[in-house]
Amino acid sequence: MRFLVRPDGRWRGLPALFIIALVVAGVWMIGTSLGSSPPIVPAGSGFPGGSGTYLTRSSPPVRVSIGTIGVDAPVQRVDVNADGMLQPPSLKEPKTVGWYSRGPSPGERGNSVLVGHVDTAATGPAVFYELGRLKPGDAVTVAREDGSSATFRVDAVQLFDKTAFPAGQVYGPVPDARLELVTCGGTFDRHRGTYLGNTVVTASLLSAG
């Protein structure tokens, strides 16, 4: 599953105006402990229903909890390979979520991206198996390495064909703190051994501390 961003941060085939506002960006699909809670500052107008705030201090996520679908999973850093493809956690760790570590940490201004498997041939249902069941208003809480946490409210749950993956929505710059949860979805193509779509959940920061 290839997206539209190179490892150097340039969108494939799109003008420089739309360069993702990350230090270095690159995508594929479907820190230091500071000992105190980071401050929260107001941001510009956010996604409908968003709080319009964000955390000012970066801290890697260590765990994500989604009570509605029974997820309570560890989070590990993931990165892109030389081809600009984001590598999810190993299939040997189907219950682990991956955080795109070159992007914002959850709660910071921007789109923080978490990816996970929907299932595996060896183990069956994986960590994001029921991601598509989420509804607007559901809560997603991310525990951060510095001891703080960020709780997000789901704004949208969408299924996209992989040929029409919304790279701008998931990785593009935004004025407040959002969380993008991504997994495979839709019909499973047995001949190709892959799902034909991606489930994308967009959530905005509700509270942090």
# chains A, B, ... in the order shown; residues from 1 in each chain; ligands from 1

$ residues_around --residues "Asp72 of chain A" --least-positions-apart "5" --cutoff "12 Å" --atoms "only C-alpha atoms" --output "VMD selection string"
chain A and resid 62 to 67 95 to 97 126 to 128 140 to 143

$ residues_around --residues "segment 193-200 of chain A" --least-positions-apart "6" --cutoff "7 Å" --atoms "only C-alpha atoms" --output "PyMOL selection string"
chain A and resi 30+132+157-162+180-187

$ write_last_selection --atoms "N, CA and C atoms" --output "compact mmCIF listing (two decimals), in the first residue's frame"
# COMPACT_ATOMS: atom_id res chain seq x y z
N ILE A 30 -2.09 0.73 4.98
CA ILE A 30 -2.81 0.10 5.54
C ILE A 30 -2.15 -0.22 4.73
N GLY A 132 -13.30 0.00 12.48
CA GLY A 132 -14.40 0.54 11.69
C GLY A 132 -15.71 0.65 12.44
N VAL A 157 -15.27 8.39 10.80
CA VAL A 157 -14.80 7.03 10.50
C VAL A 157 -15.10 6.80 9.03
N GLN A 158 -14.04 6.59 8.23
CA GLN A 158 -14.22 6.52 6.78
C GLN A 158 -13.47 5.32 6.20
N LEU A 159 -14.02 4.78 5.12
CA LEU A 159 -13.38 3.69 4.39
C LEU A 159 -13.01 4.20 3.00
N PHE A 160 -11.74 4.06 2.63
CA PHE A 160 -11.26 4.54 1.34
C PHE A 160 -10.67 3.39 0.54
N ASP A 161 -10.87 3.41 -0.76
CA ASP A 161 -10.14 2.50 -1.63
C ASP A 161 -8.66 2.88 -1.55
N LYS A 162 -7.79 1.87 -1.59
CA LYS A 162 -6.37 2.16 -1.47
C LYS A 162 -5.84 3.02 -2.61
N GLU A 180 -4.91 10.39 13.78
CA GLU A 180 -5.36 9.61 12.63
C GLU A 180 -5.02 8.14 12.90
N LEU A 181 -6.04 7.30 12.97
CA LEU A 181 -5.86 5.87 13.17
C LEU A 181 -6.13 5.17 11.85
N VAL A 182 -5.21 4.34 11.40
CA VAL A 182 -5.33 3.75 10.07
C VAL A 182 -5.08 2.25 10.12
N THR A 183 -5.92 1.50 9.40
CA THR A 183 -5.72 0.08 9.23
C THR A 183 -6.28 -0.34 7.88
N CYS A 184 -6.12 -1.61 7.54
CA CYS A 184 -6.71 -2.11 6.30
C CYS A 184 -8.22 -2.30 6.49
N GLY A 185 -8.95 -2.31 5.39
CA GLY A 185 -10.40 -2.47 5.49
C GLY A 185 -11.02 -2.80 4.15
N GLY A 186 -12.33 -2.96 4.17
CA GLY A 186 -13.03 -3.27 2.93
C GLY A 186 -12.92 -4.73 2.58
N THR A 187 -13.01 -5.02 1.29
CA THR A 187 -12.98 -6.39 0.78
C THR A 187 -11.56 -6.95 0.78

$ residues_around --residues "Ser207 of chain A" --least-positions-apart "3" --cutoff "10 Å" --atoms "only C-alpha atoms" --output "PyMOL selection string"
chain A and resi 40+51+53-55+107+141+149-153+204

$ atom_distance --atom1 "atom CA of Tyr100 of chain A" --atom2 "atom CA of Ile69 of chain A"
22.2 Å

$ closest_residue --among "A:Asp176, A:Asp155, A:Asp79, A:Asp119" --to "Gly103 of chain A" --atoms "only C-alpha atoms"
A:Asp79

$ atom_distance --atom1 "atom CA of Gly98 of chain A" --atom2 "atom CA of Ala82 of chain A"
18.0 Å

$ residues_around --residues "segment 169-171 of chain A" --least-positions-apart "2" --cutoff "7 Å" --atoms "only C-alpha atoms" --output "PyMOL selection string"
chain A and resi 20+111+166-167+173+180

$ select_by_dssp --residues "segment 67-117 of chain A" --states "strand (DSSP E or B)" --output "PyMOL selection string"
chain A and resi 71-78+80+86+97-100+108+110-115

$ write_last_selection --atoms "N, CA and C atoms" --output "compact mmCIF listing (two decimals), in the first residue's frame"
# COMPACT_ATOMS: atom_id res chain seq x y z
N VAL A 71 -9.75 -1.98 22.92
CA VAL A 71 -8.32 -1.88 22.62
C VAL A 71 -7.57 -1.29 23.81
N ASP A 72 -6.53 -1.96 24.23
CA ASP A 72 -5.59 -1.45 25.25
C ASP A 72 -4.23 -2.01 24.85
N ALA A 73 -3.50 -1.26 24.05
CA ALA A 73 -2.34 -1.82 23.36
C ALA A 73 -1.09 -0.97 23.52
N PRO A 74 0.07 -1.62 23.52
CA PRO A 74 1.32 -0.86 23.53
C PRO A 74 1.56 -0.21 22.18
N VAL A 75 2.36 0.85 22.21
CA VAL A 75 2.68 1.58 20.99
C VAL A 75 4.19 1.59 20.80
N GLN A 76 4.63 1.33 19.59
CA GLN A 76 6.05 1.40 19.26
C GLN A 76 6.26 2.37 18.10
N ARG A 77 7.48 2.89 18.00
CA ARG A 77 7.81 3.79 16.89
C ARG A 77 7.89 3.00 15.59
N VAL A 78 7.42 3.59 14.51
CA VAL A 78 7.61 3.02 13.18
C VAL A 78 8.10 4.13 12.26
N VAL A 80 9.67 5.01 7.91
CA VAL A 80 9.63 4.64 6.50
C VAL A 80 10.90 3.91 6.10
N LEU A 86 5.83 3.41 4.90
CA LEU A 86 5.76 3.31 6.35
C LEU A 86 5.62 1.85 6.76
N VAL A 97 0.48 -1.35 18.28
CA VAL A 97 0.17 -0.21 17.41
C VAL A 97 1.48 0.49 17.06
N GLY A 98 1.57 1.00 15.84
CA GLY A 98 2.75 1.75 15.42
C GLY A 98 2.47 3.24 15.34
N TRP A 99 3.40 4.03 15.84
CA TRP A 99 3.30 5.50 15.76
C TRP A 99 4.34 6.00 14.76
N TYR A 100 3.90 6.78 13.77
CA TYR A 100 4.80 7.36 12.80
C TYR A 100 5.66 8.42 13.49
N GLU A 108 0.26 16.91 20.29
CA GLU A 108 0.92 18.06 19.69
C GLU A 108 0.10 18.58 18.52
N GLY A 110 -0.93 19.21 14.95
CA GLY A 110 -0.72 18.45 13.73
C GLY A 110 -1.40 17.10 13.78
N ASN A 111 -1.24 16.34 12.72
CA ASN A 111 -1.80 15.00 12.63
C ASN A 111 -0.81 13.98 13.16
N SER A 112 -1.16 13.33 14.26
CA SER A 112 -0.36 12.23 14.77
C SER A 112 -0.97 10.95 14.23
N VAL A 113 -0.13 10.09 13.63
CA VAL A 113 -0.63 8.93 12.91
C VAL A 113 -0.29 7.64 13.65
N LEU A 114 -1.32 6.84 13.93
CA LEU A 114 -1.15 5.52 14.53
C LEU A 114 -1.67 4.47 13.54
N VAL A 115 -0.88 3.43 13.32
CA VAL A 115 -1.27 2.38 12.38
C VAL A 115 -1.24 1.03 13.08

$ closest_residue --among "A:Arg190, A:Arg109, A:Gly209, A:Ser101" --to "Gln87 of chain A" --atoms "only C-alpha atoms"
A:Ser101

$ atom_distance --atom1 "atom CA of Pro60 of chain A" --atom2 "atom CA of Ala203 of chain A"
17.8 Å

$ select_by_dssp --residues "segment 106-168 of chain A" --states "helix (DSSP H, G or I)" --output "JSON, numbers by chain"
{"A": [131, 132, 133, 162, 163, 164, 167, 168]}

$ write_last_selection --atoms "C-alpha atoms" --output "mmCIF file, in the first residue's frame"
data_model
loop_
_atom_site.group_PDB
_atom_site.id
_atom_site.type_symbol
_atom_site.label_atom_id
_atom_site.label_comp_id
_atom_site.auth_asym_id
_atom_site.auth_seq_id
_atom_site.Cartn_x
_atom_site.Cartn_y
_atom_site.Cartn_z
ATOM 1 C CA LEU A 131 -11.614 0.047 14.227
ATOM 2 C CA GLY A 132 -14.405 0.545 11.695
ATOM 3 C CA ARG A 133 -17.015 0.124 14.447
ATOM 4 C CA LYS A 162 -6.368 2.162 -1.466
ATOM 5 C CA THR A 163 -6.093 3.831 -4.842
ATOM 6 C CA ALA A 164 -7.760 6.897 -3.325
ATOM 7 C CA ALA A 167 -2.897 11.406 2.163
ATOM 8 C CA GLY A 168 -3.689 15.087 2.586
#

$ closest_residue --among "A:Thr68, A:Phe188, A:Gly172, A:Arg144" --to "Val118 of chain A" --atoms "only C-alpha atoms"
A:Phe188
